[in-house]
Each structure stands twice: as structure tokens, then as C-alpha cells.
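These notes are about the structure you will find just below.
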Number of protein chains: 2
Amino acid sequence: MALNPDRFLDDLHRLRSFGASGVDKGVVRPAFSAVDIAARRWLASRMNEAGLKTHLDPIGNLFGLNGEKSLLIGSHSDSQPEGGWLDGALGVVAGLEIARAAKETGGPPVSVVNFQDEEGRFGILTGSDVWTGQISLAKADMLTDTDGVLLGAARSRMSGRAREFLPHDMFTGFIEMHIEQGPGMDVSGDQIGVVSDIVGIRETRIKITGRQNHAGTTPMALRQDAFQALSDFNQRINQRFAEVANPATVWTLGHAELSPNASSVVPGTARFSLQWRDGDPARLDAMETIMWEVAAEIIRDRNVKVQLGEVGGIEPSAMDPRLKSALRDAAEDLAPGKWLDLPSGALHDAANVSRVMPTAMLFVPSIGGISHAFDEDTKEADLVKGLEVLAQAAFSL
Amino acid sequence: MALNPDRFLDDLHRLRSFGASGVDKGVVRPAFSAVDIAARRWLASRMNEAGLKTHLDPIGNLFGLNGEKSLLIGSHSDSQPEGGWLDGALGVVAGLEIARAAKETGGPPVSVVNFQDEEGRFGILTGSDVWTGQISLAKADMLTDTDGVLLGAARSRMSGRAREFLPHDMFTGFIEMHIEQGPGMDVSGDQIGVVSDIVGIRETRIKITGRQNHAGTTPMALRQDAFQALSDFNQRINQRFAEVANPATVWTLGHAELSPNASSVVPGTARFSLQWRDGDPARLDAMETIMWEVAAEIIRDRNVKVQLGEVGGIEPSAMDPRLKSALRDAAEDLAPGKWLDLPSGALHDAANVSRVMPTAMLFVPSIGGISHAFDEDTKEADLVKGLEVLAQAAFSL
């Protein structure tokens with residue numbers, strides 16, 4: 001193994017120059033924007049220089065291939081509208097460096113992938129969604145961004161170079177390296193996180209209907225106050241969810257609207273959303289049951305109507321035991337006592353790829369837990385440690 | 001005393017025909033609108049027919065005078081944008097009937113008043129505000145309605161007929177009859193409420209600043225969730241206010257806004273208002289102190305910033321003991337066991353008039369507690385009972 005950490009860091013900083021925000025190490029590189037396409041061309045040239053065979057598929061996923069059967073490593077190089085330099089980019093450049101080092105030293109064949117539109121300008125994880133068959137290309141083409149631009153029109157800018165979708169069985173497995181995007185490892189002091197699973201998400205919209213009334217003439221005991229019912233619902237959910245949660249379980253009431261939303265009027269309705277995430281489908285189900293039970297309690301105790309919308313979401317993604325084991329062994333070897341198993345609370349391309357081949361992820365810390373912001377960052381020593389652990393795991397397989 | 005209940009009810013229904021909404025007994029008769037001015041002209045003609053001398057003051061308050069020293073009875077005939085037939089109108093027509101009956105039977109001199117813009121098209125209780133010197137006419141002229149119309153321009157439609165402001169010492173006192181506008185008496189089955197005082201109002205706007213974060217990657221224990229801090233603040237306020245409240249004390253969190261208000265983002269800020277009402281200034285102060293204490297607890301326990309705006313409001317208005325006593329005696333005589341003392345949770349012209357002369361109020365029930373709505377109503381038997389109690393009290397003074 002002849003990893004070159006300086007070359008790896010240089011490539012990361014070069015990639016950052018495509019769409020650099022001018023603020024901290026931030027980047028503005030949305031999927032299919034001019035700088036996104038330029039960045040992908042540059043990455044293709046780096047793949048070619050490394051002796052990899054580049055391949056662009058119809059949805060814009062860029063591969064750097066080493067032979068007919070290989071381990072795939074990568075992530076995505078598109079960014080949030082106001083993003084950081086590492087989210088996605090880290091996994092692509094790590095894949096490039098490991099594939100390059102493997103080529104140079106006659107190591108096992110490693111290919112690299114750079115998925116398109118992971119950040120959801122059009123859909124959500126769009127490039128890996130289409131490649132793994134979660135949605136069809138025809139359906140994806142009808143997705144629009146917030147300005148109304150069709151994905152089908154946007155991808156036509158790259159379509160002259162595009163070829164077919166690659167078969168999944170070209171690859172023995174997929175490993176994605178990513179920043180944690182949360183504060184967990186920054187707080188615990190760990191350098192490497194081996195992802196146990198990618199959490200599932202459940203979410204619903206709830207409407208509480210009480211009775212709108214005069215805030216001066218309606219006695220407290222006779223009120224049917226939709227905000228008070230919401231606050232009570234929230235407190236009960238906190239208590240009951242905590243009884244079934246593990247330390248990685250999260251839930252959020254992030255959106256709420258009162259009507260008529262005036263200081264002198266007892267609120268007649270409250271609309272809000274509740275979202276919960278966990279790696280275990282059974283726990284997601286248990287939390288959904290609790291939500292229904294609490295809604296029934298609120299109807300009974302508060303004399304209000306509670307309407308729950310459809311519960312949507314996505315299922316958790318299990319990571320492959322053999323790949324996880326290789327990552328754990330490498331972490332214990334290179335960062336003894338400074339690594340941990342942890343679930344991914346955020347979605348990643350690995351969630352899609354896990355449906356079609358053995359998949360694993362490793363995390364490096366995010367300073368202050370900050371991501372999707374210009375000041376997203378990670379210590380260079382941690383970036384290099386992540387690269388080394390991933391390479392050792394890949395070479396051991 | 002020769003009260004004529006049928007004439008009283010007929011006049012109430014006639015007044016309703018000015019701006020009738022066509023829905024239930026609703027009316028649309030905003031201050032200084034064409035139907036409001038027509039209604040005031042018709043009321044002036046009824047006053048004249050009763051032998052009262054009409055007098056319009058510069059802000060549009062209409063008086064029907066009986067001699068140089070008299071008891072004043074009245075309310076207002078303007079309505080909410082979507083109002084009922086009794087709010088204000090009841091007190092004016094009751095005053096008209098009692099003044100008329102007193103004239104006819106040689107009873108004590110009673111005058112009637114019909115204040116302008118009680119419902120706050122421009123200000124709040126504008127007509128009685130100006131007459132009692134709470135604000136100057138020049139300042140009132142600069143008030144605008146929601147369409148930007150100046151009060152000064154609106155009142156010019158009536159100014160040809162207007163004369164000077166009447167001196168307060170023409171009147172020995174003021175009594176206002178009104179619907180309760182809340183459900184209290186409808187629930188308790190009482191027919192008459194003798195108002196103990198008109199509550200004071202305190203209100204402030206509060207901003208909680210936490211930290212906006214990813215709803216998937218931020219562990220529960222590390223969140224600084226502005227909505228959770230708001231919900232906690234609300235629960236503590238409910239508990240602490242209840243310890244100092246009496247049954248008539250009310251408080252309301254009627255307005256709240258989260259930012260960024262998205263289901264997948266831990267809220268970074270919550271802006272909301274808190275309002276509380278009570279007849280006792282000492283209790284209003286105690287509740288304000290509690291609010292500051294709870295804010296400090298939230299800062300300490302939730303690791304968020306809490307900013308409290310200026311605390312605004314108006315002071316409670318005491319009702320005159322001698323007038324209250326006359327109302328109580330008449331209520332016990334005419335509705336034995338079916339009357340009660342109660343505070344007014346809503347503001348009324350009586351609050352202003354109490355600053356310049358002995359003042360009292362009596363309430364009749366509102367069916368279902370509904371007001372400021374087309375379906376506002378009161379049983380005719382209760383309207384007549386209120387008229388009789390008010391007349392007996394007035395004649396006894």
C-alpha cells in the first residue's frame with residue numbers, strides 16, 4: 001500500500017476550488033450547475049491519470065473503473081446550496097486515492113464512484129436512487145428543482161458523454177467514507193466511526209382542532225386551546241419516547257403553525273409535524289404506536305380533535321457484517337481505543353447501494369458537529385486517519 | 001316606571017337592520033361606515049322622539065340628554081367587521097328605553113350615550129378614549145384603519161353636525177349594560193352579572209434562541225431546541241400562574257412562530273407572545289415576576305437564550321361601590337339567586353369612563369359564550385331581565 005496523504009489532501013483542496021464560497025472552506029456546487037459539471041470533468045481527468053477507466057451513466061453518476069470485478073468506494077461531489085468542502089467530496093477523493101494507490105502497488109482492484117444529486121436539488125439521493133432502481137430514469141426526469149427546472153433538462157447538459165447504466169454485479173461491495181455531520185465523535189474524542197446501520201425515518205403531520213375564543217372572556221377551565229393541547233402532546237411524547245429510545249434514537253417537532261396566531265385569541269387549530277429516526281424498524285413501529293396512543297389521550301383529556309396524517313418515511317439500511325468487520329479491525333489497528341460503532345442519523349448514497357450489494361460506511365468527526373454550512377470542517381489528521389483505515393480495510397478484503 | 005319591553009326589543013331589531021349580514025342575526029357596521037352613520041341618525045331620531053336633546057361631539061359620540069345633571073347609560077353601536085347584533089347595541093338601546101321611560105313617568109333624569117369606534121377600526125375604544133382624555137383628538141385623527149384611512153378623514157363625514165365635547169360633570173355616573181361575551185353565565189345559569197371590575201391586561205413578546213441543527217445527526221442530549229424550550233416554558237407558566245390565579249384569572253399563549261419551521265430541522269428560534277389578564281394589579285405584577293423567573297429557569301435548564309420584550313398593557317378599572325350596590329339590590333329583587341358578581345375579561349367603554357365618574361356595568365348571558373361572530377345571541381327573556389334590573393337600579397339612585 002502506497003497511500004499518499006498529501007496528494008489526497010491536495011485533491012480535496014483542488015475540488016474545493018470548484019464553487020468555493022469565499023467564506024471559510026464553504027462551497028456552492030449544486031448538482032448539474034456549471035461548477036458541478038466542471039468539478040466532475042476534473043475528477044474524471046484525475047481518474048484517467050490514475051489509470052482508471054471513466055464511465056458516466058445517464059443520470060450523471062461518474063465511475064472510475066479498475067477491471068471487471070472490483071470493490072467500489074465513493075460518495076458524491078455535489079453540494080448543498082450553502083455547503084461545506086467535505087460533505088460527499090471526502091468520500092469521492094478518498095476513493096480516488098485508494099484506487100490510485102492500489103493501481104500503483106498492484107493491490108486488489110478498487111473502483112471509485114461519484115454519485116449525482118445526493119443533496120436533493122431534484123429528488124433525494126437521486127443518482128444512487130436511479131442506479132439502484134429505487135425510481136426509474138423516466139420518473140426522475142420529471143423531478144423539478146425549486147425554480148421549476150426539470151431534471152431531464154438539467155442532465156441533458158452532460159448527456160453527450162453519457163453511456164449505459166453499469167451492472168451492479170461488477171462490484172463486490174461498496175464502502176462510503178463521510179463526515180459524521182453531528183457532534184457525537186467531536187464530543188467523545190473518537191477518530192473513526194464504523195456505521196452500524198443507516199437509520200430509518202418516520203414522519204407525519206398532525207392537526208389539533210380546539211375552539212378559537214376570546215382571550216379575555218373565556219375562563220381557563222372552559223378553553224379548548226389547540227396550542228396547550230400541542231404542548232401537552234409534546235411533553236407526553238418526550239416522556240413516552242424516552243422510555244423506548246436508545247441513545248441514538250432521535251425525534252423532532254420542527255414545524256408548528258397556530259391559527260389564528262394572534263396574542264388575544266385562544267388558538268383554534270395547531271398544525272405540526274413529528275419525525276422520529278432509529279436504526280431498528282421494531283423501535284420505529286413502537287414509537288408510531290406511542291404516537292397514536294398519545295393522540296388518543298390528548299383527545300380524551302383536552303376535549304380537542306386530533307387528526308394524524310399518513311405516516312411516511314424510509315426503512316433503516318443494515319450495513320454488511322463482513323465489510324463492517326474489516327473496518328473495525330483496521331480502526332482498532334490504526335486508531336486503537338479511538339473508534340466506535342454508531343448509527344448514521346442522516347441519509348447517504350450507501351442506504352440505496354445497500355439494497356443491491358454488501359455496503360458499509362465509516363465516519364470521521366465533524367468539528368462542532370457542523371455540516372450543511374460554510375464552516376463545516378474536520379481536522380486534517382482525522383481525514384488522513386479515515387483514509388488509512390478505509391484503505392487498510394479495502395486491501396484486507 | 002313604565003318600561004316597555006316590546007318597544008325595547010323592537011328598537012334592537014330595527015338597529016340590527018342597519019348593516020344586517022344576512023347570516024343569523026349578524027351585523028357588519030364598522031365605525032364611520034355608511035350604515036354606521038345611518039344607524040346613528042336613526043338613533044338620534046329615536047332620542048328626539050323620546051324628548052331627549054341630541055348632541056354629537058367631535059369624535060362622533062352621540063348623546064341623548066335629559067337636563068343639566070343626569071345619570072348616563074349607554075354603550076356603542078359600531079360593530080366588529082363580522083359582528084353580532086347585541087355587542088354594544090344592547091347597551092345603547094337599553095339606555096334609550098330607560099331614558100324614555102323616565103321621561104314618560106317623571107322619573108329621575110337619565111341620559112343616553114352611543115360611543116364611536118369602540119370596536120377599534122382606528123384605535124381601541126376610540127370615542128370614549130378621546131372624550132375621557134386618554135388621547136387627544138389631534139392624536140386620534142392620525143390613527144388609521146387597516147386600509148390606511150385616517151380617522152380624521154373618516155370623521156369629517158359627520159363633522160357638519162358635531163359640536164363641542166360635553167363636560168363630564170353633567171353626569172352623576174355611568175352604567176353600561178353588555179352581553180358577557182364568554183360562556184360563564186350561560187354555563188352557570190345566571191341571568192345577571194354585576195361587574196366587579198374590568199380586568200387589566202399585560203402582554204409581552206418573547207424570543208427563545210437555541211441552535212438550529214440537523215434532525216438526524218444531533219443527539220437528543222446535545223440539542224438546544226427552541227421549540228422544546230418554548231413548550232417547557234409554557235408548562236412551567238401554567239403551573240406557576242395557577243398557584244397565584246383566582247377562577248377569573250386568564251392567560252394565553254396565542255401566537256408562536258418557529259424558525260426555520262421545517263420538519264427535518266431542530267428549531268433554532270421560537271418567537272411567541274404571552275398575555276395575562278386579572279382585575280387585581282398586584283396579581284398582574286406577581287404574574288409578571290413569575291414570567292421573569294421562569295425565563296431565567298429556562299435559560300439555566302435548557303441552554304438557550306430567552307429575550308423578553310417590553311411588558312405593555314392597561315391597568316384594571318374598579319367599578320363604583322354605590323352603583324354596584326344598586327345593581328346588586330335590583331338583581332336580587334328581580335332575579336333572586338340567578339345573579340352573580342364577576343369581573344369583565346374584555347375591555348369596554350366603561351373602563352375609560354370610570355376614570356372620570358362613578359361607573360358600573362351589568363352583563364346578560366351570551367348563548368354558548370359566542371361573540372364577535374354572526375351567531376352571537378342572547379335569549380330575549382334575558383335581555384328584558386337585564387333591562388329591568390338596570391332600570392330599577394337607575395331609578396333607585
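Here, A, B, ... name the chains of the C-alpha cells in the order displayed, residue numbers run from 1 inside each chain, and ligands are numbered from 1 in the same displayed order.
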
I'd like the contact shell of Arg7 of chain A - 10 Å cut-off, only C-alpha atoms, skipping same-chain residues fewer than 4 positions apart - returned as a short mmCIF file (atom, residue, chain, number, x, y, z; two decimals) with N, CA and C atoms, in the first residue's frame.
```cif
data_model
loop_
_atom_site.label_atom_id
_atom_site.label_comp_id
_atom_site.auth_asym_id
_atom_site.auth_seq_id
_atom_site.Cartn_x
_atom_site.Cartn_y
_atom_site.Cartn_z
N LEU A 3 -0.28 4.69 0.03
CA LEU A 3 -1.17 5.85 0.13
C LEU A 3 -0.35 7.12 0.18
N ASP A 11 -5.83 17.02 -3.52
CA ASP A 11 -7.00 16.81 -4.39
C ASP A 11 -8.27 17.36 -3.72
N LEU A 12 -8.39 17.13 -2.39
CA LEU A 12 -9.56 17.66 -1.68
C LEU A 12 -9.63 19.18 -1.79
N HIS A 13 -8.48 19.84 -1.59
CA HIS A 13 -8.47 21.30 -1.68
C HIS A 13 -8.69 21.78 -3.11
N VAL A 93 -12.90 11.64 -3.04
CA VAL A 93 -11.44 11.80 -3.15
C VAL A 93 -10.72 10.67 -2.41
N GLU A 97 -8.00 8.21 -4.17
CA GLU A 97 -6.65 7.96 -3.67
C GLU A 97 -6.40 6.48 -3.43
#
```

Contacts of segment 186-297 of chain A with segment 218-231 of chain B up to 8 Å, shortest pair per row, only C-alpha atoms, as CSV:
```
residue,atom,partner,partner_atom,distance
A:Ser231,CA,B:Ser231,CA,5.4
A:Asn234,CA,B:Ser231,CA,7.5
A:Gln235,CA,B:Ser231,CA,7.6
A:Pro247,CA,B:Pro219,CA,7.5
A:Ala248,CA,B:Pro219,CA,6.4
A:Thr249,CA,B:Pro219,CA,7.5
A:Val250,CA,B:Met220,CA,6.0
A:Trp251,CA,B:Met220,CA,7.7
A:Leu253,CA,B:Phe227,CA,7.5
A:Gly254,CA,B:Phe227,CA,7.4
```

Got time to write the residues from that selection, N, CA and C atoms, as a compact mmCIF listing (two decimals), in the first residue's frame?
```txt
# COMPACT_ATOMS: atom_id res chain seq x y z
N SER A 231 -48.71 21.51 23.22
CA SER A 231 -47.65 21.50 24.22
C SER A 231 -47.75 20.24 25.09
N ASN A 234 -46.64 17.23 23.10
CA ASN A 234 -45.18 17.23 23.01
C ASN A 234 -44.54 16.69 24.29
N GLN A 235 -45.04 17.14 25.45
CA GLN A 235 -44.45 16.69 26.72
C GLN A 235 -44.66 15.18 26.90
N PRO A 247 -29.66 5.57 23.07
CA PRO A 247 -29.01 6.89 22.98
C PRO A 247 -28.97 7.47 21.57
N ALA A 248 -29.11 6.63 20.54
CA ALA A 248 -29.04 7.16 19.18
C ALA A 248 -30.41 7.53 18.61
N THR A 249 -31.49 7.16 19.29
CA THR A 249 -32.83 7.48 18.80
C THR A 249 -33.05 8.99 18.88
N VAL A 250 -33.62 9.57 17.83
CA VAL A 250 -33.94 11.00 17.87
C VAL A 250 -35.38 11.22 17.40
N TRP A 251 -35.98 12.30 17.91
CA TRP A 251 -37.28 12.73 17.42
C TRP A 251 -37.35 14.24 17.46
N LEU A 253 -39.92 17.83 16.76
CA LEU A 253 -41.11 18.59 16.38
C LEU A 253 -40.56 19.92 15.84
N GLY A 254 -40.34 19.94 14.53
CA GLY A 254 -39.58 21.06 13.95
C GLY A 254 -40.45 22.10 13.29
```

**Report entry** DSSP-assigned strand (DSSP E) among segment 121-183 of chain B, expressed as an MDAnalysis selection string
**Finding:** chainID B and resid 171:179

Can you write just those residues out, C-alpha atoms, as a short mmCIF file (atom, residue, chain, number, x, y, z; two decimals), in the first residue's frame?
```
data_model
loop_
_atom_site.label_atom_id
_atom_site.label_comp_id
_atom_site.auth_asym_id
_atom_site.auth_seq_id
_atom_site.Cartn_x
_atom_site.Cartn_y
_atom_site.Cartn_z
CA PHE B 171 -73.35 63.28 34.66
CA THR B 172 -73.69 61.77 38.13
CA GLY B 173 -72.41 58.42 36.91
CA PHE B 174 -72.36 55.93 34.03
CA ILE B 175 -73.81 52.43 33.71
CA GLU B 176 -73.14 50.16 30.74
CA MET B 177 -75.19 47.05 30.02
CA HIS B 178 -73.48 44.49 27.81
CA ILE B 179 -73.53 40.84 26.80
#
```

Proximity check chain A to chain B, 6 Å, nearest pairs one decimal Å, only C-alpha atoms, as CSV:
```
residue,atom,partner,partner_atom,distance
A:Gly182,CA,B:Thr217,CA,4.7
A:Gly216,CA,B:Gly345,CA,4.3
A:Thr217,CA,B:Gly182,CA,4.7
A:Thr218,CA,B:Gly182,CA,5.4
A:Met220,CA,B:Val250,CA,6.0
A:Ser231,CA,B:Ser231,CA,5.4
A:Val250,CA,B:Met220,CA,6.0
A:Gly254,CA,B:Ser263,CA,4.5
A:His255,CA,B:Asn261,CA,4.3
A:Asn261,CA,B:His255,CA,4.3
A:Ala262,CA,B:His255,CA,5.0
A:Ser263,CA,B:Gly254,CA,4.5
A:Val265,CA,B:Gly254,CA,5.7
A:Val266,CA,B:Gly254,CA,5.5
A:Pro267,CA,B:Gly254,CA,5.5
A:Ser273,CA,B:Ser263,CA,5.9
A:Gly345,CA,B:Gly216,CA,4.3
A:Ala346,CA,B:Gly216,CA,5.1
```

Query raised in the report: Do you have the atom CA of His76 of chain B-atom CA of Glu118 of chain B distance handy?
Result: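 Between atom CA of His76 of chain B and atom CA of Glu118 of chain B the gap is 6.4 Å.
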
Query raised in the report: Could you name the residues that touch Asp377 of chain B at 8 Å or less, counting only C-alpha atoms, but leaving out those on the same chain fewer than 6 positions away, as a PyMOL selection string?
Result: chain B and resi 25+84-86+366-367+370-371

Taking C-alpha atoms for each residue, export the selection above as a short mmCIF file (atom, residue, chain, number, x, y, z; two decimals), in the first residue's frame.
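Listing of part_18.cif after writing:
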```cif
data_model
loop_
_atom_site.label_atom_id
_atom_site.label_comp_id
_atom_site.auth_asym_id
_atom_site.auth_seq_id
_atom_site.Cartn_x
_atom_site.Cartn_y
_atom_site.Cartn_z
CA LYS B 25 -78.56 37.94 13.44
CA GLY B 84 -73.32 40.29 16.31
CA TRP B 85 -76.50 42.26 16.88
CA LEU B 86 -76.04 42.81 20.64
CA SER B 366 -74.19 35.03 25.80
CA ILE B 367 -75.55 31.79 24.35
CA ILE B 370 -70.16 33.37 21.38
CA SER B 371 -69.41 36.98 20.40
#
```

Query raised in the report: Which distance in Å separates atom CA of Val28 of chain A and atom CA of Arg14 of chain A, to one decimal?
Result: 14.3 Å

Report task. Please return as a ChimeraX atom specification: the residues of segment 96-289 of chain A that backbone DSSP assigns to alpha helix (DSSP H). Result -> /A:96-105,126-131,137-141,151-155,184-188,226-244,281-289

Requested in this report: Calculate how many Å separate atom CA of Ala101 of chain B from atom CA of Phe32 of chain B, rounding to one decimal.
Outcome: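 A separation of 29.4 Å between them.
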
Report summary line: Counting only C-alpha atoms, closest pick from B:Thr105, B:Thr144, B:Asn4, B:Gln191 relative to Phe122 of chain B is B:Thr144
